[in-house]
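What follows is one structure encoded as C-alpha cells, with my remarks underneath.
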Amino acid sequence: MSYVLGLKCRECAREYPKDVLFVCEYCFGSLEVNYDYKAIKKNLTKEVLLGRPKNMWRYKELLPIDKDPTVGLDSGYTPLIKANNLARALGVRELYLKDDSVNHPTLSFKDRVVSVAISKAKEFGFDTVACASTGNLANSVSAQAASCGLKAYVFIPADLETGKVVASQIYNPNLIGVEGNYDEVNRLCSEIASRYRWAFVNINIRPFYAEGSKSMGYEIAEQLDWKLPKHIVVPSAGGSLITKLWKSFKELKELGFLEKVDTKVYCAQGQGCAPIVTAIKEKSEVIRPVKPKTIAKSLAIGNPADGYYAVDTVRKSGGWAEEASDEEIVEAIKLLAKTEGIFTETAGGVTLAVAKKLIEQGIILKDESMVICITGNGLKTLEVVTKSLPRLVKIKPNLASFEEHIKNGAHQKISENKVIEYYI
Amino acid sequence: MARRIIKLTFPKDLIKEPLTFTMATKYNIMPNIRRAKVTESVGELVLELDGQEQDLDKGVEFLKKSGVIVESIVGDVIE
C-alpha cells in the first residue's frame with residue numbers, strides 16, 4: 001500500500017501526481033514527495049517496528065514506493081556508535097557516530113538513496129537507470145542495477161582515478177568516461193536525461209531518490225531510543241541530506257514517535273567548495289555557485305541543487321556551518337581511525353573536522369549530546385591519506401633484527417600505528 | 001525555435017545592469033521570468049529562453065562574459 005499523495009513544489013506549493021516529474025512547470029522549483037501522514041500514523045507504530053528486520057525498509061511507509069522494495073534490501077540500519085574515545089579527544093561528554101561507512105552494498109550513504117531510486121524506477125517500468133558521478137553514487141547505481149537486472153549507464157569524468165573506475169566497472173554497467181570539464185559533463189548528462197527514457201536517479205526521479213536519505217534520520221532517532229541529539233553535524237554536497245534529516249525528524253514528531261525536535265543541525269563542507277557554508281555565514285538567501293577545489297571530492301558540488309533548502313534548514317534549527325581545509329580533513333580521518341577504529345573517506349573527515357571546530361568555537365557545547373554523520377568508507381580514498389602516514393618499518397626475518405628494532409623504541413612506534421613488514 | 005531553462009546568479013556589482021534585457025534584444029531571445037530573488041549582495045533569476053539555437057548559445061555566452069554565473073536549474077548532477 002502506498003501512502004504517497006503526490007508531488008508538491010517546494011517553491012510555490014503546486015501539487016502534481018505521483019509521476020516521473022522533478023521540477024514545477026510554473027516556477028521551475030524542485031518537487032518533493034507528499035505523504036498521507038494520518039494514514040501512516042494508523043499503521044506505523046513503535047510496536048510494529050519492533051518486529052521488522054533491521055534495514056532501512058523498516059520505515060517503508062515513510063519512503064516513496066508503492067509496493068515492497070525490490071533492491072537494496074539490506075541497506076541501512078548502520079551502527080550508531082557511542083564514541084567514547086573520540087569524545088575524550090574532543091573534550092565532549094556524549095558523542096555518537098552514525099556509521100554509513102559500512103552501509104550495504106557499496107559502503108556509503110548513497111546506498112540509501114539509490115535503493116529507493118531503483119526500487120521506484122522499477123515501479124515506473126524503467127529498464128535502464130543512469131547517473132553521473134565521481135565515486136559513491138556510481139558505485140551504488142552500478143552495484144544495485146546489477147543486483148536487480150536493470151541496465152545501467154554511468155557517466156564519469158574520463159580522467160577519473162583507476163581505483164574509482166574499478167569500483168564501478170566491476171559490476172559491469174555501461175561505464176562512460178566523458179572527455180570534458182566538470183561543467184561540460186554536467187550539461188551533457190542533463191541533455192541525456194531529457195532525451196532518453198531512462199531513470200536518471202538524481203535528475204528525473206530525484207524527488208523519490210532524495211527521500212531515501214530520511215532513513216538515516218529515522219535510524220538515529222530509534223537507535224537513541226526515540227530521542228534526538230542536541231546537535232547533529234552533517235556533510236553537504238548538494239544539500240539534500242540536511243533537509244531530509246530534518247524532514248525525517250519532523251515526520252517522527254508528527255507521528256508521535258518523538259516528543260520534540262530541538263536538534264541543531266550543522267552543515268559541514270570542504271574549504272574550496274563551501275557554497276552552502278558561505279551562504280549561512282553571510283546570512284544570504286541565495287547560493288553563489290563556486291568552482292570546486294577540495295580533496296573532499298564526494299562533497300565537491302559547486303552548484304548545489306538543494307543549497308537554499310539546506311541553508312533554510314540550518315537556520316530554522318538554530319544551527320551553524322563551518323568548512324574544513326584539506327589538511328584538517330586528513331587529520332580528522334586519522335583521528336577517527338586512531339580513536340574509534342573507523343576508516344572514513346574524505347566526507348567523514350570534513351564532518352569530524354568541522355565538528356571539532358564548532359566545539360572549539362564554543363558553538364557546540366561540550367556537555368550536550370551530538371551525532372556526527374560518517375557517510376563513506378576510507379578504502380575509497382586511500383590516496384588522500386597515504387602520504388601523511390608513517391613510512392613502512394622493515395626488519396630482517398630474524399629475532400635479533402626485531403629486538404634491535406624494539407630496543408630503538410619501536411614498541412612506542414608500533415603503538416603509534418606503525419606497520420612492520422616481515423621477510424618470510 | 002529552441003528553448004532553454006537557466007538559472008542566473010548576478011554578483012553585487014551587476015545587479016543594477018540591464019543584462020537580461022540586453023541579451024534579449026541583442027540576440028532576439030524571448031525571456032520568460034519564472035522566479036527571481038534579489039538580496040543586498042547577490043541576485044538570482046530563473047529564466048525560460050526561447051530563440052534560435054545559435055542565438056541562445058550566443059546569448060548565454062554574452063551573460064557569462066558579462067560576469068553572470070549561468071547554471072542549470074537542477075544544480076550539478078555529478079555526485
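Labels used: A, B, ... for chains in the order of the C-alpha cells, numbers from 1 for residues in each chain, and numbers from 1 for ligands as shown.
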
Residues of chain B no more than 6 Å from chain A, counting only C-alpha atoms: send them over as a VMD selection string. chain B and resid 34 to 35 74 to 79

Restricted to C-alpha atoms, what would the selected residues look like written as a JSON list (two decimals), in the first residue's frame?
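This went into part.json:
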[["chain", "number", "residue", "atom", "x", "y", "z"],
["B", 34, "ARG", "CA", 9.75, 32.26, -13.72],
["B", 35, "ARG", "CA", 11.41, 33.03, -10.42],
["B", 74, "VAL", "CA", 18.66, 21.23, -11.43],
["B", 75, "GLY", "CA", 22.05, 22.06, -9.94],
["B", 76, "ASP", "CA", 25.16, 19.99, -10.55],
["B", 77, "VAL", "CA", 24.22, 16.43, -11.42],
["B", 78, "ILE", "CA", 27.62, 14.81, -10.87],
["B", 79, "GLU", "CA", 27.52, 13.39, -7.35]]

Extract the full set of helix (DSSP H, G or I) residues from chain B according to DSSP on the backbone, and format it as a list of chain:residue names. B:Lys12, B:Asp13, B:Leu14, B:Leu19, B:Thr20, B:Phe21, B:Thr22, B:Met23, B:Ala24, B:Thr25, B:Lys26, B:Glu53, B:Gln54, B:Asp55, B:Leu56, B:Asp57, B:Lys58, B:Gly59, B:Val60, B:Glu61, B:Phe62, B:Leu63, B:Lys64, B:Lys65, B:Ser66

My list of candidates is B:Leu14, B:Met1, B:Ile73, B:Leu8. Which is closest to B:Glu40 when distances are computed with only C-alpha atoms? B:Leu14

So which residues of chain B fall under strand (DSSP E or B) by DSSP, listed as a compact mmCIF listing (two decimals) with C-alpha atoms, in the first residue's frame?
# COMPACT_ATOMS: atom_id res chain seq x y z
CA ALA B 2 14.67 26.17 -29.32
CA ARG B 3 14.03 26.50 -25.60
CA ARG B 4 16.42 26.60 -22.67
CA ILE B 5 15.89 26.92 -18.93
CA ILE B 6 18.68 28.52 -16.96
CA LYS B 7 19.47 29.93 -13.54
CA LEU B 8 21.41 33.18 -13.43
CA THR B 9 23.37 34.39 -10.43
CA PHE B 10 24.30 38.09 -10.52
CA PRO B 11 27.16 39.30 -8.37
CA MET B 30 12.36 35.90 -25.64
CA PRO B 31 12.97 35.51 -21.89
CA ASN B 32 10.21 34.48 -19.53
CA ILE B 33 10.99 35.14 -15.87
CA ARG B 34 9.75 32.26 -13.72
CA ARG B 35 11.41 33.03 -10.42
CA ALA B 36 13.60 35.81 -9.03
CA LYS B 37 15.27 36.73 -5.78
CA VAL B 38 17.47 39.75 -5.13
CA VAL B 42 23.53 38.79 -4.89
CA GLY B 43 20.65 38.29 -7.35
CA GLU B 44 19.14 35.06 -8.66
CA LEU B 45 16.93 34.70 -11.72
CA VAL B 46 15.32 31.61 -13.22
CA LEU B 47 14.51 32.12 -16.90
CA GLU B 48 12.95 30.24 -19.76
CA LEU B 49 14.54 31.37 -23.02
CA ASP B 50 13.03 30.93 -26.50
CA GLY B 51 15.03 31.60 -29.64
CA ILE B 69 27.05 32.80 -13.40
CA VAL B 70 24.88 30.67 -15.69
CA GLU B 71 23.82 27.28 -14.36
CA ILE B 78 27.62 14.81 -10.87

Point-to-point distance from atom CA of A:Glu327 to atom CA of A:Gly349, Å rounded to tenths: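 Atom-to-atom, atom CA of A:Glu327 to atom CA of A:Gly349, that is 9.9 Å.
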